[in-house]
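Student: Input file: data35.pdb. Contents: PDB, C-alpha atoms.
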ATOM      1  CA  MET A  24       1.843 -45.974  15.204
ATOM      2  CA  THR A  25       3.122 -44.361  11.984
ATOM      3  CA  ASN A  26       4.078 -47.776  10.637
ATOM      4  CA  PHE A  27       0.645 -49.114  11.595
ATOM      5  CA  ILE A  28      -1.079 -46.282   9.678
ATOM      6  CA  GLU A  29       1.125 -46.770   6.612
ATOM      7  CA  GLN A  30       0.396 -50.518   6.555
ATOM      8  CA  ASN A  31      -3.374 -50.081   6.763
ATOM      9  CA  GLN A  32      -4.008 -46.741   5.074
ATOM     10  CA  LYS A  33      -4.984 -48.102   1.655
ATOM     11  CA  TYR A  34      -7.491 -50.537   3.198
ATOM     12  CA  VAL A  35      -9.050 -47.887   5.427
ATOM     13  CA  LYS A  36      -9.313 -45.435   2.523
ATOM     14  CA  ALA A  37     -10.890 -48.140   0.327
ATOM     15  CA  VAL A  38     -13.561 -49.035   2.892
ATOM     16  CA  ILE A  39     -14.404 -45.383   3.525
ATOM     17  CA  LYS A  40     -14.570 -44.583  -0.182
ATOM     18  CA  LYS A  41     -16.680 -47.666  -0.914
ATOM     19  CA  MET A  42     -19.159 -46.888   1.843
ATOM     20  CA  THR A  43     -19.389 -43.100   1.609
ATOM     21  CA  GLY A  44     -18.677 -42.558  -2.074
ATOM     22  CA  SER A  45     -15.769 -40.216  -1.391
ATOM     23  CA  GLU A  46     -12.571 -39.890   0.573
ATOM     24  CA  ASN A  47     -13.077 -38.577   4.080
ATOM     25  CA  GLU A  48      -9.928 -37.752   6.020
ATOM     26  CA  ASP A  49     -11.877 -37.067   9.220
ATOM     27  CA  LEU A  50     -13.325 -40.575   9.200
ATOM     28  CA  GLU A  51      -9.928 -41.996   8.345
ATOM     29  CA  GLN A  52      -8.340 -40.255  11.333
ATOM     30  CA  GLU A  53     -11.162 -41.443  13.553
ATOM     31  CA  VAL A  54     -10.465 -45.048  12.497
ATOM     32  CA  TYR A  55      -6.850 -44.763  13.670
ATOM     33  CA  ILE A  56      -7.927 -43.147  16.935
ATOM     34  CA  LYS A  57     -10.469 -45.916  17.573
ATOM     35  CA  ALA A  58      -7.886 -48.565  16.700
ATOM     36  CA  TRP A  59      -5.446 -47.026  19.166
ATOM     37  CA  GLN A  60      -8.086 -46.710  21.897
ATOM     38  CA  ASN A  61      -9.311 -50.289  21.401
ATOM     39  CA  ARG A  62      -6.018 -52.032  20.700
ATOM     40  CA  GLN A  63      -6.383 -54.167  23.847
ATOM     41  CA  LYS A  64      -9.745 -55.484  22.573
ATOM     42  CA  TYR A  65      -8.195 -56.861  19.384
ATOM     43  CA  LYS A  66      -7.904 -60.621  19.574
ATOM     44  CA  GLU A  67      -5.357 -62.449  17.470
ATOM     45  CA  GLN A  68      -8.095 -64.689  16.003
ATOM     46  CA  GLY A  69      -8.378 -62.857  12.688
ATOM     47  CA  LYS A  70      -6.225 -60.611  10.608
ATOM     48  CA  LEU A  71      -5.450 -57.125  11.897
ATOM     49  CA  LYS A  72      -6.403 -55.749   8.472
ATOM     50  CA  GLN A  73      -9.913 -57.192   8.803
ATOM     51  CA  TRP A  74     -10.303 -55.727  12.280
ATOM     52  CA  ILE A  75      -9.268 -52.290  11.002
ATOM     53  CA  CYS A  76     -11.645 -52.598   8.032
ATOM     54  CA  MET A  77     -14.477 -53.539  10.394
ATOM     55  CA  LEU A  78     -13.709 -50.462  12.506
ATOM     56  CA  ALA A  79     -13.770 -48.311   9.367
ATOM     57  CA  ALA A  80     -17.083 -49.805   8.197
ATOM     58  CA  ASN A  81     -18.660 -49.321  11.627
ATOM     59  CA  LEU A  82     -17.497 -45.713  11.783
ATOM     60  CA  CYS A  83     -18.953 -45.085   8.303
ATOM     61  CA  ARG A  84     -22.306 -46.468   9.440
ATOM     62  CA  ASP A  85     -22.129 -44.309  12.576
ATOM     63  CA  TYR A  86     -21.319 -41.322  10.385
ATOM     64  CA  PHE A  87     -24.460 -41.897   8.271
ATOM     65  CA  ARG A  88     -26.521 -41.883  11.482
ATOM     66  CA  SER A  89     -24.800 -38.784  12.868
ATOM     67  CA  LYS A  90     -26.265 -35.314  13.163
ATOM     68  CA  SER A  91     -23.320 -33.778  11.273
ATOM     69  CA  TYR A  92     -23.996 -36.043   8.258
ATOM     70  CA  LYS A  93     -27.680 -35.127   8.240
ATOM     71  CA  ILE A  94     -26.832 -31.424   8.459
ATOM     72  CA  SER A  95     -24.255 -31.652   5.652
ATOM     73  CA  LYS A  96     -26.751 -33.663   3.573
ATOM     74  CA  ALA A  97     -29.366 -30.928   4.097
ATOM     75  CA  GLU A  98     -26.829 -28.246   3.133
ATOM     76  CA  ILE A  99     -25.876 -30.154  -0.002
ATOM     77  CA  SER A 100     -29.556 -30.591  -0.896
ATOM     78  CA  SER A 101     -30.193 -26.861  -0.628
ATOM     79  CA  GLU A 102     -27.064 -26.097  -2.698
ATOM     80  CA  ILE A 103     -28.194 -28.557  -5.365
ATOM     81  CA  CYS A 104     -31.594 -26.866  -5.533
ATOM     82  CA  LEU A 105     -29.911 -23.517  -6.076
ATOM     83  CA  GLN A 106     -27.574 -24.851  -8.751
ATOM     84  CA  ASN A 107     -30.140 -27.140 -10.377
ATOM     85  CA  ALA A 108     -30.602 -24.925 -13.431
ATOM     86  CA  SER A 109     -26.891 -25.018 -14.261
ATOM     87  CA  VAL A 110     -26.089 -28.650 -13.445
ATOM     88  CA  LYS A 111     -23.977 -30.297 -16.122
ATOM     89  CA  PRO A 112     -24.650 -33.901 -17.198
ATOM     90  CA  LYS A 113     -21.469 -35.187 -15.491
ATOM     91  CA  ASN A 114     -22.536 -33.669 -12.192
ATOM     92  CA  GLU A 115     -25.986 -35.214 -12.552
ATOM     93  CA  GLU A 116     -24.414 -38.622 -13.156
ATOM     94  CA  ARG A 117     -22.240 -38.215 -10.069
ATOM     95  CA  LEU A 118     -25.250 -37.239  -7.971
ATOM     96  CA  ASP A 119     -27.223 -40.216  -9.295
ATOM     97  CA  GLN A 120     -24.320 -42.516  -8.436
ATOM     98  CA  LYS A 121     -24.158 -41.173  -4.868
ATOM     99  CA  ARG A 122     -27.928 -41.497  -4.551
ATOM    100  CA  ARG A 123     -27.727 -45.116  -5.723
ATOM    101  CA  GLN A 124     -24.947 -45.823  -3.218
ATOM    102  CA  LYS A 125     -27.023 -44.376  -0.392
ATOM    103  CA  ILE A 126     -30.048 -46.466  -1.416
ATOM    104  CA  VAL A 127     -27.936 -49.626  -1.517
ATOM    105  CA  LEU A 128     -26.315 -48.840   1.855
ATOM    106  CA  LYS A 129     -29.754 -48.194   3.355
ATOM    107  CA  ALA A 130     -31.006 -51.523   1.948
ATOM    108  CA  VAL A 131     -27.994 -53.311   3.463
ATOM    109  CA  ASP A 132     -28.531 -51.528   6.774
ATOM    110  CA  ASP A 133     -32.196 -52.654   6.779
ATOM    111  CA  LEU A 134     -31.273 -56.345   6.425
ATOM    112  CA  PRO A 135     -31.681 -58.556   9.497
ATOM    113  CA  LYS A 136     -28.431 -58.636  11.499
ATOM    114  CA  ILE A 137     -27.442 -62.208  10.550
ATOM    115  CA  TYR A 138     -27.556 -61.321   6.844
ATOM    116  CA  ARG A 139     -26.230 -57.768   7.158
ATOM    117  CA  GLU A 140     -23.040 -58.827   8.921
ATOM    118  CA  ILE A 141     -22.314 -61.452   6.244
ATOM    119  CA  ILE A 142     -22.835 -58.949   3.379
ATOM    120  CA  ILE A 143     -20.667 -56.332   5.088
ATOM    121  CA  MET A 144     -17.840 -58.764   5.756
ATOM    122  CA  ALA A 145     -17.999 -60.435   2.338
ATOM    123  CA  ASP A 146     -18.785 -57.566  -0.011
ATOM    124  CA  PHE A 147     -17.559 -54.440   1.773
ATOM    125  CA  GLU A 148     -14.583 -55.808   3.686
ATOM    126  CA  GLU A 149     -13.837 -58.495   1.082
ATOM    127  CA  MET A 150     -13.355 -61.255   3.661
ATOM    128  CA  SER A 151     -13.294 -64.862   2.480
ATOM    129  CA  VAL A 152     -16.028 -67.334   3.393
ATOM    130  CA  ALA A 153     -13.536 -69.211   5.580
ATOM    131  CA  ASP A 154     -12.536 -66.035   7.449
ATOM    132  CA  ILE A 155     -16.168 -65.051   7.996
ATOM    133  CA  ALA A 156     -17.001 -68.536   9.275
ATOM    134  CA  LEU A 157     -14.050 -68.399  11.652
ATOM    135  CA  LYS A 158     -14.921 -64.931  12.907
ATOM    136  CA  LEU A 159     -18.623 -65.696  13.431
ATOM    137  CA  LYS A 160     -17.919 -69.258  14.641
ATOM    138  CA  ILE A 161     -20.376 -70.782  12.163
ATOM    139  CA  PRO A 162     -19.925 -73.363   9.373
ATOM    140  CA  GLU A 163     -18.831 -72.148   5.924
ATOM    141  CA  GLY A 164     -22.048 -73.541   4.430
ATOM    142  CA  THR A 165     -24.054 -71.298   6.755
ATOM    143  CA  VAL A 166     -22.026 -68.294   5.611
ATOM    144  CA  LYS A 167     -22.733 -69.183   1.984
ATOM    145  CA  SER A 168     -26.458 -69.717   2.517
ATOM    146  CA  ARG A 169     -26.830 -66.502   4.550
ATOM    147  CA  ARG A 170     -24.948 -64.551   1.897
ATOM    148  CA  HIS A 171     -27.218 -65.999  -0.796
ATOM    149  CA  LYS A 172     -30.335 -65.154   1.251
ATOM    150  CA  ALA A 173     -29.035 -61.626   1.889
ATOM    151  CA  LYS A 174     -28.466 -61.089  -1.824
ATOM    152  CA  GLU A 175     -31.972 -62.364  -2.568
ATOM    153  CA  LEU A 176     -33.426 -59.930  -0.016
ATOM    154  CA  LEU A 177     -31.399 -57.066  -1.491
ATOM    155  CA  LYS A 178     -32.477 -58.053  -4.986
ATOM    156  CA  THR A 179     -36.125 -58.022  -3.912
ATOM    157  CA  THR A 180     -35.685 -54.623  -2.264
ATOM    158  CA  LEU A 181     -33.647 -52.963  -4.996
ATOM    159  CA  THR A 182     -35.137 -54.418  -8.222
ATOM    160  CA  PRO A 183     -38.292 -52.227  -8.150
ATOM    161  CA  LEU A 184     -36.055 -49.178  -7.978
ATOM    162  CA  LEU A 185     -34.351 -50.001 -11.289
ATOM    163  CA  GLY A 186     -37.312 -48.584 -13.192
ATOM    164  CA  GLU A 187     -36.790 -45.299 -11.355
ATOM    165  CA  ASN A 188     -33.160 -45.012 -12.524
ATOM    166  CA  LEU A 189     -31.979 -45.298  -8.939
TER     167      LEU A 189
END
Render the structure in this file as structure tokens.
Tutor:
Amino acid sequence: MTNFIEQNQKYVKAVIKKMTGSENEDLEQEVYIKAWQNRQKYKEQGKLKQWICMLAANLCRDYFRSKSYKISKAEISSEICLQNASVKPKNEERLDQKRRQKIVLKAVDDLPKIYREIIIMADFEEMSVADIALKLKIPEGTVKSRRHKAKELLKTTLTPLLGENL
């Protein structure tokens, strides 16, 4: 198991950081626990790395829906209100970046399932078109057209927010 963790740690950390905006050791540990618990469900059709990354992405999405995330978000919001008078420009930029990430993740989560899964696999898990097609058992052209449509939908959703400095 130690070897398994060492081989996949950088990928798991990258997915978690990309989706949550920070490193989260609790989520990382949960990924390894889930992988261990579900090791019989893994099918040798795709790469193990992609399966682990999918587990990490799913756990991140579950985390955003969880009560503990909402409570921590509320605590952070109240702390920010208290510290608002003394916020330095760098901290403001960091908060804006996290806010933008959350808006983008929400927009991705609101996509219809057929587009959302393509965007997650292609842009978050960095899977190739061929690997996505194989995993979803659809032609590569369908993957490409769904990815294009998903990006158009995201563009439509997110473009109006640009004027608000996301």
Student: Between A:Asn31, A:Thr165, A:Gln124, A:Thr182, which has the minimum distance to A:Leu71 (counting all atoms listed in the file)?
Tutor: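 For A:Leu71, the nearest of the given residues is A:Asn31.
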Student: For the file shown, report as a list of chain:residue names the outcome of the PyMOL selection byres ((chain A and resi 45) around 12) at residue level.
Tutor: A:Lys36, A:Ala37, A:Val38, A:Ile39, A:Lys40, A:Lys41, A:Met42, A:Thr43, A:Gly44, A:Glu46, A:Asn47, A:Glu48, A:Asp49, A:Leu50, A:Glu51, A:Cys83, A:Arg117, A:Leu118, A:Gln120, A:Lys121, A:Gln124
Student: I'd like the residues picked by the PyMOL selection byres ((chain A and resi 132-140) around 8) written out as an MDAnalysis selection string, using the chain letters and numbers from the file.
Tutor: chainID A and resid 128:131 141:144 169:170 172:173 176:177
Student: For the atom pair atom CA of A:Ala156 and atom CA of A:Ile28, what is the interatomic distance in Å to one decimal place?
Tutor: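 Spanning atom CA of A:Ala156 to atom CA of A:Ile28 is a straight-line distance of 27.4 Å.
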Student: Could you tell me how far atom CA of A:Arg123 sits from atom CA of A:Ser151, in Å to one decimal place?
Tutor: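 If I compute the distance from atom CA of A:Ser151 to atom CA of A:Arg123, I get 25.8 Å.
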Student: Could you check the closest approach to A:Phe147 for each of A:Gln30, A:Gln60, A:Gln52, A:Gln73 and tell me which residue wins, using all atoms listed in the file?
Tutor: A:Gln73
Student: I'd like to know which of A:Glu148, A:Phe27, A:Asn81, A:Lys70 is closest to A:Tyr55, using all atoms listed in the file.
Tutor: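 Using all atoms listed in the file, A:Tyr55 sits closest to A:Phe27.
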Student: When distances are computed from only C-alpha atoms, which of A:Val152, A:Asp146, A:Ile126, A:Lys178 shows the smallest separation from A:Val166?
Tutor: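 Answer, going by the shortest atom-to-atom distance: A:Val152.
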Student: Could you check how far atom CA of A:Lys174 sits from atom CA of A:Val54, in Å to one decimal?
Tutor: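 Value for the atom CA of A:Lys174-atom CA of A:Val54 distance: 28.0 Å.
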